[in-house]
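So this one's run35.pdb, PDB, C-alpha atoms, pLDDT in the B column:
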```pdb
ATOM      1  CA  MET E   1      50.555  -9.944  31.619  1.00 52.00           C
ATOM      2  CA  GLU E   2      47.950  -7.862  33.372  1.00 57.00           C
ATOM      3  CA  VAL E   3      44.295  -8.906  33.184  1.00 55.00           C
ATOM      4  CA  ALA E   4      41.709  -6.115  32.804  1.00 57.00           C
ATOM      5  CA  SER E   5      39.162  -5.984  35.561  1.00 64.00           C
ATOM      6  CA  SER E   6      35.569  -6.740  34.672  1.00 66.00           C
ATOM      7  CA  SER E   7      34.463  -3.281  35.859  1.00 72.00           C
ATOM      8  CA  SER E   8      36.546  -1.595  33.134  1.00 78.00           C
ATOM      9  CA  LEU E   9      34.946  -3.810  30.454  1.00 82.00           C
ATOM     10  CA  VAL E  10      31.363  -2.828  31.335  1.00 84.00           C
ATOM     11  CA  PRO E  11      31.435   0.640  29.675  1.00 83.00           C
ATOM     12  CA  LEU E  12      33.035  -0.910  26.594  1.00 84.00           C
ATOM     13  CA  LEU E  13      30.364  -3.619  26.372  1.00 86.00           C
ATOM     14  CA  VAL E  14      27.565  -1.052  26.853  1.00 87.00           C
ATOM     15  CA  ALA E  15      29.011   1.168  24.114  1.00 87.00           C
ATOM     16  CA  ALA E  16      29.407  -1.798  21.750  1.00 88.00           C
ATOM     17  CA  SER E  17      25.819  -2.925  22.437  1.00 89.00           C
ATOM     18  CA  LEU E  18      24.432   0.562  21.789  1.00 88.00           C
ATOM     19  CA  LEU E  19      26.458   0.850  18.592  1.00 89.00           C
ATOM     20  CA  LEU E  20      25.125  -2.503  17.429  1.00 89.00           C
ATOM     21  CA  VAL E  21      21.490  -1.582  18.195  1.00 89.00           C
ATOM     22  CA  PHE E  22      21.712   1.850  16.534  1.00 88.00           C
ATOM     23  CA  GLY E  23      23.466   0.321  13.525  1.00 88.00           C
ATOM     24  CA  ALA E  24      20.703  -2.271  13.144  1.00 88.00           C
ATOM     25  CA  VAL E  25      17.992   0.409  13.390  1.00 88.00           C
ATOM     26  CA  ALA E  26      19.757   2.592  10.810  1.00 87.00           C
ATOM     27  CA  ALA E  27      20.171  -0.381   8.451  1.00 85.00           C
ATOM     28  CA  PHE E  28      16.464  -1.229   8.768  1.00 85.00           C
ATOM     29  CA  ILE E  29      15.434   2.371   8.018  1.00 86.00           C
ATOM     30  CA  VAL E  30      17.607   2.447   4.896  1.00 83.00           C
ATOM     31  CA  TYR E  31      16.303  -0.967   3.793  1.00 81.00           C
ATOM     32  CA  ALA E  32      12.654   0.038   4.329  1.00 79.00           C
ATOM     33  CA  GLY E  33      13.169   3.276   2.413  1.00 76.00           C
ATOM     34  CA  LEU E  34      14.744   1.492  -0.543  1.00 74.00           C
ATOM     35  CA  ARG E  35      12.048  -1.200  -0.531  1.00 77.00           C
ATOM     36  CA  GLY E  36       9.310   1.439  -0.477  1.00 73.00           C
ATOM     37  CA  LYS E  37      10.942   3.251  -3.374  1.00 79.00           C
ATOM     38  CA  ARG E  38      11.134   0.017  -5.407  1.00 79.00           C
ATOM     39  CA  GLU E  39       7.477  -0.737  -4.661  1.00 75.00           C
ATOM     40  CA  ARG E  40       6.393   2.775  -5.722  1.00 76.00           C
ATOM     41  CA  GLU E  41       8.394   2.465  -8.947  1.00 81.00           C
ATOM     42  CA  ALA E  42       6.884  -0.983  -9.627  1.00 77.00           C
ATOM     43  CA  LEU E  43       3.374   0.406  -9.033  1.00 74.00           C
ATOM     44  CA  LEU E  44       4.007   3.269 -11.448  1.00 78.00           C
ATOM     45  CA  GLY E  45       5.240   0.757 -14.047  1.00 83.00           C
ATOM     46  CA  ARG E  46       2.142  -1.434 -13.599  1.00 84.00           C
ATOM     47  CA  LYS E  47      -0.127   1.613 -13.875  1.00 84.00           C
ATOM     48  CA  ALA E  48       1.660   2.708 -17.063  1.00 87.00           C
ATOM     49  CA  ARG E  49       0.940  -0.708 -18.648  1.00 89.00           C
ATOM     50  CA  ALA E  50      -2.645  -0.858 -17.361  1.00 87.00           C
ATOM     51  CA  ARG E  51      -5.515  -0.358 -19.780  1.00 90.00           C
ATOM     52  CA  PRO E  52      -8.647   1.703 -19.176  1.00 91.00           C
ATOM     53  CA  GLY E  53     -11.716  -0.221 -18.108  1.00 90.00           C
ATOM     54  CA  ARG E  54     -14.825  -0.260 -16.005  1.00 93.00           C
ATOM     55  CA  ALA E  55     -15.751  -2.056 -12.811  1.00 94.00           C
ATOM     56  CA  ARG E  56     -19.045  -2.554 -11.013  1.00 96.00           C
ATOM     57  CA  VAL E  57     -19.030  -2.244  -7.225  1.00 95.00           C
ATOM     58  CA  LEU E  58     -20.199  -5.526  -5.664  1.00 95.00           C
ATOM     59  CA  SER E  59     -19.577  -4.398  -2.081  1.00 92.00           C
ATOM     60  CA  ALA E  60     -18.069  -1.420  -0.312  1.00 90.00           C
ATOM     61  CA  ALA E  61     -17.137  -0.873   3.323  1.00 87.00           C
ATOM     62  CA  THR E  62     -15.553   2.266   4.745  1.00 85.00           C
ATOM     63  CA  LYS E  63     -13.145   3.134   7.504  1.00 84.00           C
ATOM     64  CA  GLN E  64     -12.389   6.721   8.482  1.00 81.00           C
ATOM     65  CA  THR E  65      -9.231   7.801  10.249  1.00 79.00           C
ATOM     66  CA  THR E  66      -8.071  11.213  11.345  1.00 79.00           C
ATOM     67  CA  SER E  67      -4.636  12.549  10.546  1.00 74.00           C
ATOM     68  CA  GLY E  68      -4.157  15.887  12.268  1.00 80.00           C
ATOM     69  CA  ASN E  69      -7.211  17.900  11.229  1.00 82.00           C
ATOM     70  CA  GLN E  70      -7.793  15.877   8.046  1.00 78.00           C
ATOM     71  CA  VAL E  71     -10.232  12.969   7.730  1.00 77.00           C
ATOM     72  CA  VAL E  72      -9.104  10.094   5.504  1.00 77.00           C
ATOM     73  CA  THR E  73     -11.711   7.654   4.228  1.00 83.00           C
ATOM     74  CA  ASP E  74     -10.555   4.229   3.049  1.00 86.00           C
ATOM     75  CA  VAL E  75     -13.096   2.265   1.046  1.00 89.00           C
ATOM     76  CA  TYR E  76     -12.674  -1.514   0.925  1.00 89.00           C
ATOM     77  CA  LEU E  77     -14.112  -2.618  -2.413  1.00 90.00           C
ATOM     78  CA  THR E  78     -15.035  -5.856  -4.085  1.00 92.00           C
ATOM     79  CA  LEU E  79     -15.335  -5.154  -7.791  1.00 93.00           C
ATOM     80  CA  GLU E  80     -16.547  -7.005 -10.871  1.00 95.00           C
ATOM     81  CA  ILE E  81     -14.005  -5.936 -13.480  1.00 93.00           C
ATOM     82  CA  GLU E  82     -14.799  -6.015 -17.193  1.00 91.00           C
ATOM     83  CA  THR E  83     -11.997  -7.696 -19.169  1.00 85.00           C
ATOM     84  CA  PRO E  84     -11.788  -8.868 -22.809  1.00 82.00           C
ATOM     85  CA  SER E  85     -11.993 -12.483 -21.599  1.00 84.00           C
ATOM     86  CA  GLY E  86     -15.035 -11.833 -19.400  1.00 89.00           C
ATOM     87  CA  PRO E  87     -15.711 -10.376 -15.951  1.00 92.00           C
ATOM     88  CA  VAL E  88     -13.384 -11.109 -13.029  1.00 92.00           C
ATOM     89  CA  VAL E  89     -13.700 -10.231  -9.348  1.00 93.00           C
ATOM     90  CA  GLY E  90     -11.007  -8.181  -7.643  1.00 89.00           C
ATOM     91  CA  LYS E  91     -10.503  -6.315  -4.391  1.00 89.00           C
ATOM     92  CA  ALA E  92      -9.091  -2.870  -3.763  1.00 88.00           C
ATOM     93  CA  VAL E  93      -8.724  -0.321  -0.981  1.00 88.00           C
ATOM     94  CA  TRP E  94      -8.958   3.255  -2.164  1.00 88.00           C
ATOM     95  CA  MET E  95      -8.833   6.611  -0.403  1.00 88.00           C
ATOM     96  CA  VAL E  96     -11.951   8.524  -1.394  1.00 87.00           C
ATOM     97  CA  ASP E  97     -12.905  12.160  -1.036  1.00 82.00           C
ATOM     98  CA  PRO E  98     -15.851  12.038   1.412  1.00 80.00           C
ATOM     99  CA  LEU E  99     -17.920  14.239  -0.943  1.00 84.00           C
ATOM    100  CA  HIS E 100     -17.831  11.457  -3.555  1.00 87.00           C
ATOM    101  CA  MET E 101     -18.634   8.437  -1.363  1.00 86.00           C
ATOM    102  CA  ASP E 102     -22.044   8.011  -3.004  1.00 87.00           C
ATOM    103  CA  LYS E 103     -20.309   7.203  -6.306  1.00 90.00           C
ATOM    104  CA  LEU E 104     -19.056   3.899  -4.858  1.00 90.00           C
ATOM    105  CA  ARG E 105     -22.386   2.408  -3.733  1.00 91.00           C
ATOM    106  CA  GLU E 106     -23.137  -1.218  -4.532  1.00 93.00           C
ATOM    107  CA  GLY E 107     -24.079  -1.497  -8.204  1.00 94.00           C
ATOM    108  CA  SER E 108     -22.242   1.684  -9.214  1.00 94.00           C
ATOM    109  CA  VAL E 109     -19.875   1.566 -12.177  1.00 95.00           C
ATOM    110  CA  VAL E 110     -16.495   3.293 -11.878  1.00 93.00           C
ATOM    111  CA  GLU E 111     -13.694   3.945 -14.343  1.00 93.00           C
ATOM    112  CA  VAL E 112     -10.531   1.977 -13.513  1.00 92.00           C
ATOM    113  CA  LEU E 113      -7.156   1.019 -14.912  1.00 90.00           C
ATOM    114  CA  VAL E 114      -6.951  -2.765 -15.300  1.00 91.00           C
ATOM    115  CA  ASP E 115      -3.536  -4.303 -14.678  1.00 89.00           C
ATOM    116  CA  ALA E 116      -2.167  -5.781 -17.922  1.00 87.00           C
ATOM    117  CA  ASP E 117      -0.701  -8.839 -16.175  1.00 87.00           C
ATOM    118  CA  VAL E 118      -3.239  -9.548 -13.409  1.00 86.00           C
ATOM    119  CA  PRO E 119      -6.758  -8.395 -14.353  1.00 87.00           C
ATOM    120  CA  GLN E 120      -7.942  -8.741 -10.727  1.00 87.00           C
ATOM    121  CA  ARG E 121      -5.725  -5.746  -9.921  1.00 87.00           C
ATOM    122  CA  VAL E 122      -7.299  -2.400 -10.633  1.00 88.00           C
ATOM    123  CA  TYR E 123      -6.180   1.128 -10.013  1.00 88.00           C
ATOM    124  CA  PRO E 124      -8.411   4.198  -9.692  1.00 89.00           C
ATOM    125  CA  ALA E 125      -8.866   6.214 -12.891  1.00 89.00           C
ATOM    126  CA  VAL E 126     -10.915   9.087 -11.490  1.00 89.00           C
ATOM    127  CA  ALA E 127      -9.628  12.238  -9.812  1.00 86.00           C
ATOM    128  CA  TRP E 128     -11.634  11.848  -6.581  1.00 87.00           C
ATOM    129  CA  VAL E 129      -9.989   8.508  -5.696  1.00 84.00           C
ATOM    130  CA  SER E 130      -6.378   7.634  -4.931  1.00 81.00           C
ATOM    131  CA  GLN E 131      -4.572   4.394  -4.254  1.00 79.00           C
ATOM    132  CA  SER E 132      -4.467   3.578  -0.561  1.00 76.00           C
ATOM    133  CA  GLY E 133      -1.294   2.443   1.143  1.00 67.00           C
ATOM    134  CA  MET E 134      -3.333  -0.464   2.510  1.00 57.00           C
ATOM    135  CA  ASP E 135      -4.246  -1.820  -0.915  1.00 52.00           C
ATOM    136  CA  PRO E 136      -4.534  -5.628  -0.861  1.00 56.00           C
ATOM    137  CA  ASN E 137      -3.212  -5.737  -4.441  1.00 51.00           C
ATOM    138  CA  ARG E 138       0.249  -5.231  -2.974  1.00 49.00           C
ATOM    139  CA  TRP E 139       0.188  -8.756  -1.532  1.00 42.00           C
ATOM    140  CA  MET E 140      -1.492 -10.491  -4.455  1.00 45.00           C
ATOM    141  CA  GLN E 141       0.541 -13.216  -6.072  1.00 42.00           C
ATOM    142  CA  ARG E 142       0.797 -13.585  -9.837  1.00 38.00           C
TER     143      ARG E 142
END
```
Will you turn the file into structure tokens for me?
Amino acid sequence: MEVASSSSLVPLLVAASLLLVFGAVAAFIVYAGLRGKREREALLGRKARARPGRARVLSAATKQTTSGNQVVTDVYLTLEIETPSGPVVGKAVWMVDPLHMDKLREGSVVEVLVDADVPQRVYPAVAWVSQSGMDPNRWMQR
């Protein structure tokens, strides 16, 4: 029986390693895409069950980033949310049109959608605000 030389195994090992790495990367991309889709669907479901409400801005901090030639403003909010059982404090990160930043000053009242299950979770209910991808509500536990 003839034994293969180690030099002929090197290209085979390199090819197998590359195949393994590319397969792992492809699997991660598919997994991340499916997870993101499930999270978006869950968010839409929570928003559909949410009830209209109001929240008073306790504090607001901003961070601006540039994406191409577009400026994105994230506002980190601490809100006092009106609920039937009394006020609760919640946090949110929203993307805000820079022309409407003055509407989120401390003490301002803003229309929100209050999560039916976790009243500390709120979603924007005005056209000049959208949910940020960095929203801390994503990591809140029930």
On this file, the PyMOL selection byres ((chain E and resi 95-104) around 7) gives some set of residues; write that set as an mmCIF file with C-alpha atoms, keeping the file's coordinate frame.
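Done, and the output landed in out.cif:
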```cif
data_model
loop_
_atom_site.group_PDB
_atom_site.id
_atom_site.type_symbol
_atom_site.label_atom_id
_atom_site.label_comp_id
_atom_site.auth_asym_id
_atom_site.auth_seq_id
_atom_site.Cartn_x
_atom_site.Cartn_y
_atom_site.Cartn_z
ATOM 1 C CA VAL E 57 -19.030 -2.244 -7.225
ATOM 2 C CA VAL E 72 -9.104 10.094 5.504
ATOM 3 C CA THR E 73 -11.711 7.654 4.228
ATOM 4 C CA ASP E 74 -10.555 4.229 3.049
ATOM 5 C CA VAL E 75 -13.096 2.265 1.046
ATOM 6 C CA VAL E 93 -8.724 -0.321 -0.981
ATOM 7 C CA TRP E 94 -8.958 3.255 -2.164
ATOM 8 C CA ARG E 105 -22.386 2.408 -3.733
ATOM 9 C CA GLU E 106 -23.137 -1.218 -4.532
ATOM 10 C CA SER E 108 -22.242 1.684 -9.214
ATOM 11 C CA TRP E 128 -11.634 11.848 -6.581
ATOM 12 C CA VAL E 129 -9.989 8.508 -5.696
ATOM 13 C CA SER E 130 -6.378 7.634 -4.931
ATOM 14 C CA GLN E 131 -4.572 4.394 -4.254
ATOM 15 C CA SER E 132 -4.467 3.578 -0.561
#
```
What does the distance between atom CA of Glu41 of chain E and atom CA of Gln120 of chain E come to in Å, to one decimal place?
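Atom-to-atom, atom CA of Glu41 of chain E to atom CA of Gln120 of chain E, that is 19.9 Å.
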Return the single residue from E:Val88, E:Leu9, E:Ala55, E:Ala15 that is closest to Pro124 of chain E, with distances computed using all atoms listed in the file.
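Counting all atoms listed in the file, the residue closest to Pro124 of chain E is E:Ala55.
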Might you spell out which residues the PyMOL selection byres ((chain E and resi 54) around 10) would select in the displayed file, as an MDAnalysis selection string?
chainID E and resid 52:53 55:57 79:83 109:114 122 125
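What separates atom CA of Pro84 of chain E from atom CA of Arg51 of chain E is a distance of 11.0 Å.
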Give the answer as one residue: which of E:Ala50, E:Pro119, E:Phe22, E:Gly33 has the shortest atom-to-atom distance to Gly86 of chain E, using only C-alpha atoms?
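So, comparing all the options, the nearest one is E:Pro119.
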All file atoms of segment 69-80 of chain E boxed axis-aligned, 4 Å per side, centre plus edges, as lines of an AutoDock Vina configuration file:
```
center_x = -11.9
center_y = 5.4
center_z = 0.2
size_x = 17.3
size_y = 32.9
size_z = 30.1
```
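Shortest atom-to-atom contact with Gly90 of chain E among E:Leu12, E:Ala32, E:Leu77, E:Ala27: E:Leu77, counting all atoms listed in the file.
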Two-atom distance - atom CA of Val71 of chain E, atom CA of Val89 of chain E (Å)
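Taking atom CA of Val71 of chain E and atom CA of Val89 of chain E, their separation equals 29.0 Å.
Between Arg46 of chain E and the residues E:Leu34, E:Ala116, E:Val126, E:Leu18, the shortest atom-to-atom distance, using only C-alpha atoms, involves E:Ala116.
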Compare E:Arg49, E:Leu13, E:Phe28, E:Leu58 by their minimum atom-to-atom distance to Val118 of chain E, counting all atoms listed in the file, and give me the closest one.
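Once distances to Val118 of chain E are computed over all atoms listed in the file, the minimum belongs to E:Arg49.
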Minimum-distance residue to Lys47 of chain E, chosen among E:Lys91, E:Arg35, E:Arg121, E:Lys63 (using all atoms listed in the file):
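For Lys47 of chain E, the nearest of the given residues is E:Arg121.
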